[in-house]
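Novice: I have a structure here, written as structure tokens, and I will follow up with some questions on it.
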Amino acid sequence: MPWGLKRFQQTRNLHFVTFSCYHRAPLLGTPEAGRVFEQTLEKVRQWYGLNVTGYVVMPEHVHLLISEPERGNLAIAIQMLKQITAHQLKATADAFWLARYYDFNIWSESKVVEKLRYMHRNPVIRELVKLPADWEWSSFRHYLSGIEGVIEIESQWTARRRERLGEVTPHDANPVPAIPQGNPHPVSPKSRETRMGHPRR
């Protein structure tokens, strides 16, 4: 774990998690790799009882906004996610991922919105696409229109769908705040800053 960072788990807060490919190589930069990661994340979400609030798969790193798992602990869930993804892409975990990951606890709704905007704007800032909606490997399209992708996203869209189907979970009583529709993908000046241990784009 990077110096100066503490991981607070089993506190029922969201975690902003980042992990990178080995040597920051673009090992996730193909459509196949993006699909494999999304499919594996959904499997791990179901196995461990995770809530995925947002994500983005970049060519050489991943950002996740996730809850603590109902079963097991977050470190084990992430380890499993990394190992299975590497195996599916014909590599060992040691050769595919950097061993450590960045974990930032989210304590407020304003931070949830800030981190979602940060993730969704990442491909635009990197000049991989012109708009967040153009990047296939993130949760932005779900927040924009409610579209259901490979990964179940905890959001107001999902809460409403469960209400219609008569499926109510404890999380639905406190859904993720909606991103203002007038400007769904702004980024604050501070969002380009980095914390100790936070990988730069």
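Numbering starts fresh at 1 for the residues of each chain in the structure tokens, the chains themselves are lettered A, B, ... in the order given, and ligands are numbered from 1 as they appear.
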Considering only strand (DSSP E) as DSSP defines it on the backbone, what residues of segment 30-128 of chain A qualify? List them as a PyMOL selection string.
Specialist: chain A and resi 52-57+61-66+102-106
Novice: May I ask which of the residues A:Ile76, A:Lys43, A:Asn51, A:Glu136 is the closest one to Pro31 of chain A, counting only C-alpha atoms?
Specialist: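 Checking each of A:Ile76, A:Lys43, A:Asn51, A:Glu136 against Pro31 of chain A, counting only C-alpha atoms, the winner is A:Glu136.
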Novice: If you run DSSP over the backbone, which residues in segment 68-130 of chain A end up helix (DSSP H, G or I)? Put them as a PyMOL selection string.
Specialist: chain A and resi 74-88+93-96+109-125
Novice: From the set A:Leu65, A:Val56, A:Ile84, A:Ala93, which residue has the shortest atom-to-atom contact distance to Glu114 of chain A, counting only C-alpha atoms?
Specialist: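 Once distances to Glu114 of chain A are computed over only C-alpha atoms, the minimum belongs to A:Leu65.
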Novice: Using only C-alpha atoms, which residues sit within 9 Å of Leu131 of chain A once same-chain residues fewer than 4 positions away are excluded, as a ChimeraX atom specification?
Specialist: /A:121,123-124,135,185
Novice: Just checking: using only C-alpha atoms, which residue out of A:Ser145, A:Ser139, A:Ser110, A:Gln88 ends up closest to Val36 of chain A?
Specialist: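 So, comparing all the options, the nearest one is A:Gln88.
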Novice: What does the distance between atom CA of Glu148 of chain A and atom CA of Pro69 of chain A come to in Å, to one decimal place?
Specialist: 21.6 Å
Novice: Could you please determine the separation between atom CA of Glu163 of chain A and atom CA of Arg45 of chain A in Å, to one decimal place?
Specialist: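 Spanning atom CA of Glu163 of chain A to atom CA of Arg45 of chain A is a straight-line distance of 20.9 Å.
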Novice: When you count only C-alpha atoms, which of these residues is closest to Asp94 of chain A: A:His61, A:Lys82, A:Arg161, A:Arg117?
Specialist: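 Under the stated criterion, the closest residue is A:Lys82.
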Novice: Any idea what's packed within 9 Å of Ala133 of chain A, counting only C-alpha atoms, ignoring anything in its chain fewer than 4 positions away? Could you give it as an MDAnalysis selection string?
Specialist: chainID A and resid 120 129 138 140:141 144
Novice: Kindly save the residues from that selection, with C-alpha atoms included, as an mmCIF file, in the first residue's frame.
Specialist:
data_model
loop_
_atom_site.group_PDB
_atom_site.id
_atom_site.type_symbol
_atom_site.label_atom_id
_atom_site.label_comp_id
_atom_site.auth_asym_id
_atom_site.auth_seq_id
_atom_site.Cartn_x
_atom_site.Cartn_y
_atom_site.Cartn_z
ATOM 1 C CA HIS A 120 -16.190 9.286 -16.955
ATOM 2 C CA VAL A 129 -12.605 10.023 -27.461
ATOM 3 C CA SER A 138 -17.378 2.774 -18.568
ATOM 4 C CA PHE A 140 -21.287 6.717 -18.264
ATOM 5 C CA ARG A 141 -23.886 5.461 -20.762
ATOM 6 C CA LEU A 144 -26.882 9.087 -19.195
#
Novice: For Leu28 of chain A, which of A:Pro132, A:Gly146, A:Pro59, A:Gly49 is the closest residue, counting only C-alpha atoms?
Specialist: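 Among the listed residues, the smallest separation from Leu28 of chain A belongs to A:Pro59.
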Novice: From the options A:Gly34, A:Ala95, A:Thr53, A:Ile78, which residue's atoms come nearest to Tyr22 of chain A, counting only C-alpha atoms?
Specialist: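 Smallest distance to Tyr22 of chain A is found for A:Ala95.
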Novice: Which residues are close to Met58 of chain A, i.e. within 10 Å by only C-alpha atoms, leaving aside same-chain residues fewer than 3 positions away? Reply as a list in words.
Specialist: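 Near neighbours after the sequence-gap exclusion: Ser20, Cys21, Pro26, Leu27, Leu28, Gly29, Thr30, Gly34, Tyr55, His61, Val62, His63, Met119, Asn122, Pro123, Arg126, Leu128, Trp135, Trp137, Ser138 and Arg201 of chain A.
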Novice: Deliver the residues from the most recent selection as a file, using C-alpha atoms, as a short mmCIF file (atom, residue, chain, number, x, y, z; two decimals), in the first residue's frame.
Specialist:
data_model
loop_
_atom_site.label_atom_id
_atom_site.label_comp_id
_atom_site.auth_asym_id
_atom_site.auth_seq_id
_atom_site.Cartn_x
_atom_site.Cartn_y
_atom_site.Cartn_z
CA SER A 20 -2.78 -0.59 -13.09
CA CYS A 21 -1.30 -2.98 -15.60
CA PRO A 26 -1.80 -0.88 -22.39
CA LEU A 27 -2.86 -4.49 -21.79
CA LEU A 28 -6.54 -3.48 -21.55
CA GLY A 29 -6.45 -1.47 -24.75
CA THR A 30 -8.36 -3.91 -26.99
CA GLY A 34 -12.48 -4.55 -22.20
CA TYR A 55 -16.22 2.20 -13.37
CA HIS A 61 -5.49 1.03 -15.60
CA VAL A 62 -8.95 0.70 -14.09
CA HIS A 63 -11.02 2.92 -11.79
CA MET A 119 -13.83 8.47 -14.11
CA ASN A 122 -10.83 10.21 -18.06
CA PRO A 123 -11.02 8.94 -21.68
CA ARG A 126 -6.63 11.36 -22.41
CA LEU A 128 -9.10 8.76 -26.60
CA TRP A 135 -16.06 5.40 -24.58
CA TRP A 137 -15.87 0.68 -21.35
CA SER A 138 -17.38 2.77 -18.57
CA ARG A 201 -3.45 9.46 -16.21
#
Novice: Could you tell me how far atom CA of Trp107 of chain A lies from atom CA of Phe16 of chain A, in Å and to one decimal?
Specialist: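 Going from atom CA of Trp107 of chain A over to atom CA of Phe16 of chain A covers 10.6 Å.
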